[in-house]
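Trainee: Could you have a look at this structure, given as structure tokens, before my questions?
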Amino acid sequence: MRIAIEGCMHGDLDKVYQTLKRIESQNGTKIDLLLCCGDFQAVRNERDMECLNVPLKYREMKSFWKYYSGREIAPVPTIFIGGNHEASNYLWELYYGGYVAPNIYFLGFGGVIKFGNIRIGGLSGIYNARSYRTGHHERAPYNESTIRSVYHVREYDVLKLMQVEEPIDIFLSHDWPVGITDCGNWKQLARYKPHFEKEIQEKTLGSKAAAQLLEKLRPAYWFSAHLHCKFAAVVQHGEGGPLTKFLALDKCLPRRKFLQVIEIESEPGPYEIQYDVEWLAITRKFNSIFPLTFKNANFGATQLEMEDCRQLVSSRLQERGTKPFEFTPTARPFDPTHSDPNGSFSGCPRNPQTESLLQLLELPYLLDSTPESREGRYSPSAAHSIQRGSFVHNSEDIPIDDVDESELEEEADDVDTGKE
């Protein structure tokens, strides 16, 4: 199986897919899957743009809306996680995962999916210590605080991923696991990004949550993005233990290392995206403690047995099949002939994919639950504490490069297509 991995998409789907087509043409090969490590920017229209945390000068309608509307179709199955520059209102509709457009699948805030017999896990967002032990209290329309905290990683989602026992082949995170630089050429990285050196030395560069998952899951491959540079490492899990090959990639810009193609052993194709039984069982078990206010989950309050959950999921998937529910649009796409700059945000609808999945798992729909008081959603003091969080060189504000992308077509020549 040939898999292309891309760093930060930043809405440039057209450019990335064009690059993949050139690689296929130049090498006479077929790429089976594209993985994106965050900042995908599934912006459907001007209203989604209001939920995207980027400086105003970078609020630009890129190319995702074409794929959402059906004007274009992704030429290769695409799976992505969220980063810190996302249309968070749309991704919240698909908290458990689902298609944001035909052939483009969001892994959810945390999730595991299968592609053929390859098992792919992922954690969306970035780590922030102040938000980590809070619940998912944010609701659109967002304010200046919640438009940032909505994409912060939560302990609840990490705890669910920590329950995974079956082997993971590939894992995706937006920010890097803290300490990963010890396993690669960190001196070369510091020469390229000098402002990273202090945090590398102090072991504060990256995500503690991701490091915890790396130690537990030990996937064969781990891919990240966020810091807009390429960095490779190999993690040895204990003496004589398994290896994890780590690779971080750049964003889609001319002469930048934003794409890598690997070949991994798999069953013969054709391949398709499928639900993962173990992950859906974990989802069912822990949904009853889904934290939807500032309060963290009560992890001791789960009452369902894992084996019972697994039996129910297996039975249900045997009845209906393992393919995820089909894409359904829930908002009008951007119309380039009719701008709507003054449109105001009108809330998050229930996504039929999410409703169908929850019905399959015999779970209630909770995503539009409103906490009993505004205190549960937002208070000035809580927002102030989040904004003053202990960011590492404010890692949420990695510069969004403002450069001419007319030379992007040269990138295909620079892509490493070495077999792994």
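Residue numbers start at 1 in each chain; chains themselves are named A, B, ... in the order of the structure tokens; ligands are numbered from 1 in the order shown.
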Env of region 262-265 of chain A: 12 Å cut, atoms = only C-alpha atoms, seq-sep filter 3 positions within chain, self excluded. Answer as a PyMOL selection string.
Mentor: chain A and resi 1-6+29-35+116-119+169-170+220-221+223+245+247+259+268-269+415-420
Trainee: I'd like to know which residues of region 95-333 of chain A are alpha helix (DSSP H) (by DSSP, run on the backbone); could you write them as a short mmCIF file (atom, residue, chain, number, x, y, z; two decimals) with N, CA, C and O atoms, in the first residue's frame?
Mentor:
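Result went into out_18.cif, see below:
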```cif
data_model
loop_
_atom_site.label_atom_id
_atom_site.label_comp_id
_atom_site.auth_asym_id
_atom_site.auth_seq_id
_atom_site.Cartn_x
_atom_site.Cartn_y
_atom_site.Cartn_z
N ALA A 129 -1.91 23.00 28.70
CA ALA A 129 -2.06 22.48 30.06
C ALA A 129 -3.29 23.04 30.76
O ALA A 129 -3.94 22.34 31.54
N ARG A 130 -3.64 24.30 30.49
CA ARG A 130 -4.76 24.93 31.18
C ARG A 130 -6.10 24.32 30.77
O ARG A 130 -7.04 24.28 31.56
N SER A 131 -6.19 23.89 29.54
CA SER A 131 -7.46 23.35 29.03
C SER A 131 -7.56 21.85 29.16
O SER A 131 -8.66 21.29 29.06
N TYR A 132 -6.44 21.18 29.39
CA TYR A 132 -6.38 19.73 29.25
C TYR A 132 -7.40 19.01 30.13
O TYR A 132 -8.05 18.05 29.69
N THR A 146 -12.91 31.09 23.40
CA THR A 146 -13.32 29.74 23.00
C THR A 146 -12.93 29.40 21.56
O THR A 146 -12.82 28.22 21.23
N ILE A 147 -12.70 30.40 20.72
CA ILE A 147 -12.25 30.09 19.35
C ILE A 147 -10.86 29.48 19.37
O ILE A 147 -10.45 28.80 18.43
N ARG A 148 -10.14 29.69 20.50
CA ARG A 148 -8.83 29.07 20.68
C ARG A 148 -8.92 27.78 21.48
O ARG A 148 -8.34 26.76 21.11
N SER A 149 -9.66 27.81 22.58
CA SER A 149 -9.67 26.63 23.44
C SER A 149 -10.42 25.46 22.82
O SER A 149 -10.19 24.31 23.21
N GLU A 155 -8.22 15.67 28.17
CA GLU A 155 -7.85 14.40 28.81
C GLU A 155 -8.85 13.31 28.48
O GLU A 155 -8.47 12.13 28.33
N TYR A 156 -10.11 13.66 28.38
CA TYR A 156 -11.14 12.67 28.07
C TYR A 156 -10.83 11.92 26.77
O TYR A 156 -10.91 10.68 26.71
N ASP A 157 -10.46 12.66 25.72
CA ASP A 157 -10.18 12.02 24.43
C ASP A 157 -8.90 11.20 24.47
O ASP A 157 -8.80 10.15 23.83
N VAL A 158 -7.92 11.68 25.25
CA VAL A 158 -6.67 10.92 25.40
C VAL A 158 -6.93 9.64 26.18
O VAL A 158 -6.43 8.57 25.82
N LEU A 159 -7.73 9.74 27.24
CA LEU A 159 -8.03 8.54 28.04
C LEU A 159 -8.69 7.47 27.18
O LEU A 159 -8.39 6.28 27.31
N LYS A 160 -9.60 7.88 26.30
CA LYS A 160 -10.24 6.89 25.42
C LYS A 160 -9.20 6.21 24.54
O LYS A 160 -9.22 4.98 24.37
N LEU A 161 -8.28 6.98 23.97
CA LEU A 161 -7.25 6.39 23.12
C LEU A 161 -6.31 5.49 23.93
O LEU A 161 -5.76 4.51 23.40
N MET A 162 -6.14 5.80 25.20
CA MET A 162 -5.28 4.96 26.05
C MET A 162 -5.89 3.59 26.31
O MET A 162 -5.21 2.68 26.80
N TRP A 186 18.37 16.53 16.76
CA TRP A 186 17.81 17.78 17.28
C TRP A 186 18.74 18.96 17.03
O TRP A 186 18.27 20.11 16.91
N LYS A 187 20.03 18.72 16.92
CA LYS A 187 20.96 19.82 16.65
C LYS A 187 20.72 20.41 15.27
O LYS A 187 20.76 21.63 15.08
N GLN A 188 20.46 19.54 14.30
CA GLN A 188 20.13 20.02 12.96
C GLN A 188 18.83 20.80 12.98
O GLN A 188 18.68 21.85 12.34
N LEU A 189 17.84 20.30 13.74
CA LEU A 189 16.57 21.01 13.87
C LEU A 189 16.79 22.39 14.49
O LEU A 189 16.22 23.38 14.04
N ALA A 190 17.63 22.48 15.52
CA ALA A 190 17.88 23.76 16.19
C ALA A 190 18.60 24.74 15.27
O ALA A 190 18.40 25.95 15.38
N ARG A 191 19.41 24.22 14.36
CA ARG A 191 20.06 25.13 13.40
C ARG A 191 19.03 25.72 12.45
O ARG A 191 19.11 26.88 12.05
N TYR A 192 18.03 24.91 12.07
CA TYR A 192 17.00 25.37 11.15
C TYR A 192 15.97 26.24 11.86
O TYR A 192 15.46 27.22 11.30
N GLU A 197 15.55 25.71 20.34
CA GLU A 197 16.62 25.04 21.09
C GLU A 197 16.38 25.06 22.60
O GLU A 197 16.60 24.05 23.28
N LYS A 198 15.92 26.17 23.13
CA LYS A 198 15.71 26.26 24.57
C LYS A 198 14.67 25.23 25.03
O LYS A 198 14.87 24.54 26.03
N GLU A 199 13.58 25.12 24.27
CA GLU A 199 12.54 24.16 24.65
C GLU A 199 13.00 22.72 24.46
O GLU A 199 12.59 21.83 25.20
N ILE A 200 13.82 22.49 23.44
CA ILE A 200 14.37 21.15 23.25
C ILE A 200 15.21 20.76 24.46
O ILE A 200 15.08 19.65 25.02
N GLN A 201 16.06 21.68 24.90
CA GLN A 201 16.93 21.40 26.04
C GLN A 201 16.12 21.20 27.32
O GLN A 201 16.45 20.36 28.16
N GLU A 202 15.04 21.97 27.45
CA GLU A 202 14.22 21.88 28.65
C GLU A 202 13.14 20.80 28.56
O GLU A 202 12.37 20.60 29.50
N LYS A 208 2.58 16.73 25.93
CA LYS A 208 2.69 15.66 26.92
C LYS A 208 1.68 14.55 26.66
O LYS A 208 1.97 13.37 26.85
N ALA A 209 0.50 14.94 26.20
CA ALA A 209 -0.54 13.94 25.92
C ALA A 209 -0.11 13.02 24.79
O ALA A 209 -0.30 11.80 24.86
N ALA A 210 0.47 13.61 23.74
CA ALA A 210 0.93 12.79 22.61
C ALA A 210 2.05 11.85 23.05
O ALA A 210 2.11 10.69 22.61
N ALA A 211 2.94 12.34 23.92
CA ALA A 211 4.03 11.48 24.41
C ALA A 211 3.48 10.30 25.20
O ALA A 211 3.98 9.17 25.11
N GLN A 212 2.45 10.55 25.98
CA GLN A 212 1.80 9.48 26.75
C GLN A 212 1.22 8.43 25.81
O GLN A 212 1.36 7.22 26.04
N LEU A 213 0.58 8.88 24.74
CA LEU A 213 -0.01 7.95 23.78
C LEU A 213 1.06 7.19 23.01
O LEU A 213 0.90 6.00 22.72
N LEU A 214 2.15 7.86 22.68
CA LEU A 214 3.25 7.19 21.97
C LEU A 214 3.81 6.05 22.81
O LEU A 214 4.06 4.94 22.31
N GLU A 215 3.99 6.29 24.10
CA GLU A 215 4.53 5.26 24.98
C GLU A 215 3.57 4.09 25.12
O GLU A 215 3.99 2.94 25.19
N LYS A 216 2.25 4.38 25.15
CA LYS A 216 1.26 3.31 25.33
C LYS A 216 0.98 2.54 24.03
O LYS A 216 0.98 1.30 24.01
N LEU A 217 0.76 3.26 22.93
CA LEU A 217 0.28 2.62 21.70
C LEU A 217 1.40 2.02 20.86
O LEU A 217 1.19 1.05 20.14
N VAL A 277 -13.88 -1.93 15.19
CA VAL A 277 -14.74 -2.50 16.23
C VAL A 277 -14.28 -2.08 17.62
O VAL A 277 -15.09 -1.63 18.46
N GLU A 278 -12.99 -2.21 17.90
CA GLU A 278 -12.52 -1.87 19.24
C GLU A 278 -12.77 -0.40 19.56
O GLU A 278 -13.21 -0.07 20.67
N TRP A 279 -12.53 0.47 18.59
CA TRP A 279 -12.71 1.89 18.87
C TRP A 279 -14.18 2.23 19.12
O TRP A 279 -14.49 3.02 20.02
N LEU A 280 -15.08 1.66 18.34
CA LEU A 280 -16.49 1.95 18.57
C LEU A 280 -16.96 1.40 19.92
O LEU A 280 -17.82 1.99 20.57
N ALA A 281 -16.37 0.29 20.34
CA ALA A 281 -16.71 -0.24 21.67
C ALA A 281 -16.23 0.71 22.76
O ALA A 281 -16.95 0.96 23.75
N ILE A 282 -15.04 1.27 22.60
CA ILE A 282 -14.52 2.26 23.55
C ILE A 282 -15.42 3.50 23.55
O ILE A 282 -15.74 4.06 24.61
N THR A 283 -15.83 3.93 22.37
CA THR A 283 -16.73 5.08 22.26
C THR A 283 -18.02 4.84 23.03
O THR A 283 -18.50 5.71 23.76
N ARG A 284 -18.60 3.67 22.86
CA ARG A 284 -19.84 3.34 23.56
C ARG A 284 -19.63 3.32 25.08
O ARG A 284 -20.44 3.86 25.83
N LYS A 285 -18.55 2.72 25.52
CA LYS A 285 -18.30 2.59 26.95
C LYS A 285 -18.16 3.95 27.64
O LYS A 285 -18.66 4.15 28.74
N PHE A 286 -17.48 4.90 26.99
CA PHE A 286 -17.13 6.15 27.66
C PHE A 286 -18.05 7.32 27.31
O PHE A 286 -17.87 8.42 27.82
N MET A 306 -16.61 -3.48 28.86
CA MET A 306 -16.00 -3.38 27.54
C MET A 306 -16.41 -4.55 26.65
O MET A 306 -16.71 -4.38 25.47
N GLU A 307 -16.45 -5.74 27.20
CA GLU A 307 -16.78 -6.91 26.39
C GLU A 307 -18.23 -6.83 25.89
O GLU A 307 -18.52 -7.20 24.75
N ASP A 308 -19.13 -6.33 26.73
CA ASP A 308 -20.52 -6.16 26.29
C ASP A 308 -20.61 -5.14 25.16
O ASP A 308 -21.36 -5.33 24.20
N CYS A 309 -19.86 -4.06 25.30
CA CYS A 309 -19.83 -3.03 24.25
C CYS A 309 -19.30 -3.62 22.94
O CYS A 309 -19.84 -3.35 21.86
N ARG A 310 -18.27 -4.40 23.05
CA ARG A 310 -17.67 -4.98 21.85
C ARG A 310 -18.63 -5.94 21.16
O ARG A 310 -18.73 -5.96 19.93
N GLN A 311 -19.35 -6.73 21.93
CA GLN A 311 -20.30 -7.68 21.34
C GLN A 311 -21.41 -6.93 20.62
O GLN A 311 -21.82 -7.32 19.52
N LEU A 312 -21.90 -5.84 21.21
CA LEU A 312 -22.96 -5.07 20.56
C LEU A 312 -22.46 -4.46 19.26
O LEU A 312 -23.14 -4.52 18.23
N VAL A 313 -21.26 -3.86 19.30
CA VAL A 313 -20.70 -3.24 18.09
C VAL A 313 -20.50 -4.28 17.00
O VAL A 313 -20.87 -4.07 15.84
N SER A 314 -19.92 -5.41 17.35
CA SER A 314 -19.68 -6.46 16.36
C SER A 314 -20.98 -6.93 15.72
O SER A 314 -21.06 -7.13 14.50
N SER A 315 -22.00 -7.09 16.55
CA SER A 315 -23.29 -7.53 16.04
C SER A 315 -23.89 -6.50 15.09
O SER A 315 -24.39 -6.84 14.01
N ARG A 316 -23.83 -5.23 15.47
CA ARG A 316 -24.41 -4.18 14.65
C ARG A 316 -23.67 -4.02 13.32
O ARG A 316 -24.29 -3.84 12.26
N LEU A 317 -22.35 -4.10 13.36
CA LEU A 317 -21.58 -3.96 12.12
C LEU A 317 -21.76 -5.17 11.22
O LEU A 317 -21.71 -5.05 9.99
N GLN A 318 -21.98 -6.32 11.81
CA GLN A 318 -22.24 -7.50 11.01
C GLN A 318 -23.56 -7.35 10.27
O GLN A 318 -23.71 -7.79 9.13
N GLU A 319 -24.51 -6.68 10.88
CA GLU A 319 -25.81 -6.46 10.26
C GLU A 319 -25.77 -5.44 9.13
O GLU A 319 -26.34 -5.64 8.07
N ARG A 320 -25.07 -4.29 9.35
CA ARG A 320 -25.11 -3.20 8.37
C ARG A 320 -23.84 -3.04 7.56
O ARG A 320 -23.82 -2.30 6.57
#
```
Trainee: Counting only C-alpha atoms, what is within 8 Å of Leu292 (chain A), bar same-chain residues fewer than 3 positions away, as JSON, numbers by chain?
Mentor: {"A": [135, 136, 137, 295, 369, 371]}
Trainee: For Pro291 (chain A), which residue out of A:Val235, A:Arg154, A:Glu24, A:Asn128 is the nearest one, using only C-alpha atoms?
Mentor: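 Comparing A:Val235, A:Arg154, A:Glu24, A:Asn128 against Pro291 (chain A), the winner is A:Arg154.
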Trainee: Can you tell me, as a ChimeraX atom specification, what residues are no more than 12 Å from Arg71 (chain A) when counting only C-alpha atoms, ignoring any on the same chain fewer than 4 positions away?
Mentor: /A:14,63-67,101-102,333-335
Trainee: Please, could you write that set of residues out with C-alpha atoms as a compact mmCIF listing (two decimals), in the first residue's frame?
Mentor:
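Saved to again-v7.txt:
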```
# COMPACT_ATOMS: atom_id res chain seq x y z
CA ASP A 14 -6.11 21.61 -5.03
CA SER A 63 -10.29 25.17 -2.17
CA PHE A 64 -12.08 22.87 0.29
CA TRP A 65 -15.53 24.26 -0.62
CA LYS A 66 -15.19 22.79 -4.13
CA TYR A 67 -14.87 19.28 -2.68
CA ALA A 101 -16.82 15.77 1.85
CA PRO A 102 -17.00 12.76 -0.47
CA PRO A 333 -21.25 25.80 0.13
CA PHE A 334 -19.44 28.97 -0.78
CA ASP A 335 -20.68 30.52 -4.01
```
Trainee: Excluding Trp222 (chain A) and residues on its chain fewer than 2 positions from it, collect all residues at most 6 Å away from it, counting only C-alpha atoms, and give them as a PDB file with N, CA and C atoms, in the first residue's frame.
Mentor:
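Contents of part.pdb, as written:
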```pdb
ATOM      1  N   ILE A 170      -0.489   3.165  12.246  1.00  0.00           N
ATOM      2  CA  ILE A 170      -0.146   4.565  11.992  1.00  0.00           C
ATOM      3  C   ILE A 170      -0.924   5.434  12.975  1.00  0.00           C
ATOM      4  N   PHE A 171      -0.237   6.438  13.548  1.00  0.00           N
ATOM      5  CA  PHE A 171      -0.919   7.396  14.415  1.00  0.00           C
ATOM      6  C   PHE A 171      -0.593   8.808  13.951  1.00  0.00           C
ATOM      7  N   LEU A 172      -1.592   9.692  14.026  1.00  0.00           N
ATOM      8  CA  LEU A 172      -1.441  11.080  13.609  1.00  0.00           C
ATOM      9  C   LEU A 172      -1.687  12.005  14.799  1.00  0.00           C
ATOM     10  N   PHE A 246       9.051   8.088  13.433  1.00  0.00           N
ATOM     11  CA  PHE A 246       8.365   9.378  13.547  1.00  0.00           C
ATOM     12  C   PHE A 246       8.787  10.304  12.412  1.00  0.00           C
TER      13      PHE A 246
END
```
Trainee: Quick one: pull the distance between CA of Tyr95 (chain A) and CA of Met49 (chain A), Å, one decimal.
Mentor: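 Going from CA of Tyr95 (chain A) over to CA of Met49 (chain A), I get 18.6 Å.
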Trainee: Looking at only C-alpha atoms, which of A:Gln26, A:Glu272, A:Ala248, A:Asn185 is the one that sits closest to Thr78 (chain A)?
Mentor: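 Result for the nearest residue to Thr78 (chain A): A:Glu272.
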Trainee: Between CA of Thr328 (chain A) and CA of Glu50 (chain A), what distance in Å does the model show, to one decimal?
Mentor: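 We find that CA of Thr328 (chain A) and CA of Glu50 (chain A) lie 21.8 Å from each other.
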Trainee: Nearest to Phe106 (chain A): which of A:Asn45, A:Ser124, A:Asn351, A:Asn287 is it, counting only C-alpha atoms?
Mentor: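 Of A:Asn45, A:Ser124, A:Asn351, A:Asn287, the one nearest Phe106 (chain A), counting only C-alpha atoms, is A:Ser124.
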Trainee: Could you write out, as JSON, numbers by chain, all the residues of region 176-258 of chain A that DSSP marks as strand (DSSP E or B)?
Mentor: {"A": [177, 184, 207, 221, 222, 223, 224, 231, 232, 233, 234, 235, 236, 243, 244, 245, 246, 247, 248, 251]}
Trainee: With N, CA and C atoms retained, export the selected residues as an mmCIF file, in the first residue's frame.
Mentor:
```cif
data_model
loop_
_atom_site.group_PDB
_atom_site.id
_atom_site.type_symbol
_atom_site.label_atom_id
_atom_site.label_comp_id
_atom_site.auth_asym_id
_atom_site.auth_seq_id
_atom_site.Cartn_x
_atom_site.Cartn_y
_atom_site.Cartn_z
ATOM 1 N N PRO A 177 4.945 14.730 19.902
ATOM 2 C CA PRO A 177 5.093 14.224 21.276
ATOM 3 C C PRO A 177 6.298 14.888 21.942
ATOM 4 N N GLY A 184 16.013 11.992 17.465
ATOM 5 C CA GLY A 184 16.416 12.386 16.119
ATOM 6 C C GLY A 184 17.541 13.399 16.192
ATOM 7 N N SER A 207 3.822 17.972 22.935
ATOM 8 C CA SER A 207 2.615 17.626 23.674
ATOM 9 C C SER A 207 2.876 16.485 24.657
ATOM 10 N N TYR A 221 4.286 3.695 12.840
ATOM 11 C CA TYR A 221 4.560 5.024 12.301
ATOM 12 C C TYR A 221 3.786 6.064 13.098
ATOM 13 N N TRP A 222 4.406 7.225 13.269
ATOM 14 C CA TRP A 222 3.735 8.373 13.897
ATOM 15 C C TRP A 222 4.057 9.604 13.058
ATOM 16 N N PHE A 223 3.015 10.305 12.607
ATOM 17 C CA PHE A 223 3.209 11.486 11.764
ATOM 18 C C PHE A 223 2.601 12.716 12.434
ATOM 19 N N SER A 224 3.306 13.849 12.326
ATOM 20 C CA SER A 224 2.860 15.105 12.921
ATOM 21 C C SER A 224 3.134 16.266 11.974
ATOM 22 N N PHE A 231 11.120 16.785 10.252
ATOM 23 C CA PHE A 231 11.975 16.214 11.289
ATOM 24 C C PHE A 231 11.661 14.733 11.418
ATOM 25 N N ALA A 232 12.702 13.912 11.394
ATOM 26 C CA ALA A 232 12.540 12.464 11.494
ATOM 27 C C ALA A 232 13.203 11.946 12.763
ATOM 28 N N ALA A 233 12.642 10.900 13.325
ATOM 29 C CA ALA A 233 13.197 10.267 14.520
ATOM 30 C C ALA A 233 12.768 8.807 14.542
ATOM 31 N N VAL A 234 13.492 8.009 15.299
ATOM 32 C CA VAL A 234 13.125 6.612 15.530
ATOM 33 C C VAL A 234 13.097 6.378 17.032
ATOM 34 N N VAL A 235 11.964 5.893 17.515
ATOM 35 C CA VAL A 235 11.774 5.658 18.946
ATOM 36 C C VAL A 235 11.901 4.169 19.222
ATOM 37 N N GLN A 236 12.808 3.808 20.123
ATOM 38 C CA GLN A 236 12.961 2.423 20.568
ATOM 39 C C GLN A 236 12.173 2.263 21.868
ATOM 40 N N LEU A 243 9.851 -0.596 17.347
ATOM 41 C CA LEU A 243 10.279 0.727 16.918
ATOM 42 C C LEU A 243 9.091 1.520 16.391
ATOM 43 N N THR A 244 9.113 2.820 16.629
ATOM 44 C CA THR A 244 8.179 3.746 15.994
ATOM 45 C C THR A 244 8.972 4.708 15.131
ATOM 46 N N LYS A 245 8.643 4.764 13.840
ATOM 47 C CA LYS A 245 9.268 5.734 12.946
ATOM 48 C C LYS A 245 8.431 7.015 12.972
ATOM 49 N N PHE A 246 9.051 8.088 13.433
ATOM 50 C CA PHE A 246 8.365 9.378 13.547
ATOM 51 C C PHE A 246 8.787 10.304 12.412
ATOM 52 N N LEU A 247 7.804 11.028 11.875
ATOM 53 C CA LEU A 247 8.113 12.020 10.849
ATOM 54 C C LEU A 247 7.164 13.197 10.991
ATOM 55 N N ALA A 248 7.729 14.391 11.088
ATOM 56 C CA ALA A 248 6.943 15.630 11.049
ATOM 57 C C ALA A 248 7.197 16.297 9.704
ATOM 58 N N LYS A 251 4.228 22.674 5.935
ATOM 59 C CA LYS A 251 2.967 23.020 5.285
ATOM 60 C C LYS A 251 3.183 23.146 3.787
#
```
Trainee: Could you tell me how far CA of Phe294 (chain A) lies from CA of Asp48 (chain A), in Å and to one decimal?
Mentor: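 Taking CA of Phe294 (chain A) and CA of Asp48 (chain A), their separation equals 24.1 Å.
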Trainee: Using only C-alpha atoms, which residues sit within 10 Å of Phe258 (chain A) once same-chain residues fewer than 6 positions away are excluded, as a PDB file with C-alpha atoms, in the first residue's frame?
Mentor:
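The resulting file, result-v3.pdb, is reproduced below:
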```
ATOM      1  CA  ILE A   5       1.501  11.927   4.239  1.00  0.00           C
ATOM      2  CA  GLU A   6       1.028  15.682   4.207  1.00  0.00           C
ATOM      3  CA  GLY A   7       1.860  18.144   6.990  1.00  0.00           C
ATOM      4  CA  CYS A   8      -0.373  21.217   7.402  1.00  0.00           C
ATOM      5  CA  MET A   9      -2.951  21.473   4.607  1.00  0.00           C
ATOM      6  CA  VAL A  16      -1.763  18.914  -2.722  1.00  0.00           C
ATOM      7  CA  ALA A 225       2.963  18.679  11.594  1.00  0.00           C
ATOM      8  CA  HIS A 228       6.307  23.860   9.829  1.00  0.00           C
ATOM      9  CA  CYS A 229       9.480  21.857   9.316  1.00  0.00           C
ATOM     10  CA  LYS A 230      10.539  18.307   8.481  1.00  0.00           C
ATOM     11  CA  ALA A 248       6.943  15.630  11.049  1.00  0.00           C
ATOM     12  CA  LEU A 249       6.249  17.542   7.841  1.00  0.00           C
ATOM     13  CA  ASP A 250       5.938  21.167   6.743  1.00  0.00           C
ATOM     14  CA  LYS A 251       2.967  23.020   5.285  1.00  0.00           C
ATOM     15  CA  CYS A 252       2.109  23.159   1.595  1.00  0.00           C
ATOM     16  CA  GLU A 411       7.465  20.471  -5.360  1.00  0.00           C
ATOM     17  CA  ASP A 414      11.423  17.207  -4.256  1.00  0.00           C
ATOM     18  CA  VAL A 415       9.041  14.683  -2.675  1.00  0.00           C
TER      19      VAL A 415
END
```
Trainee: Can you tell me which residues surround Phe325 (chain A) at a distance of at most 9 Å, considering only C-alpha atoms, apart from same-chain residues fewer than 2 positions away, and format the answer as a count of residues only?
Mentor: 10
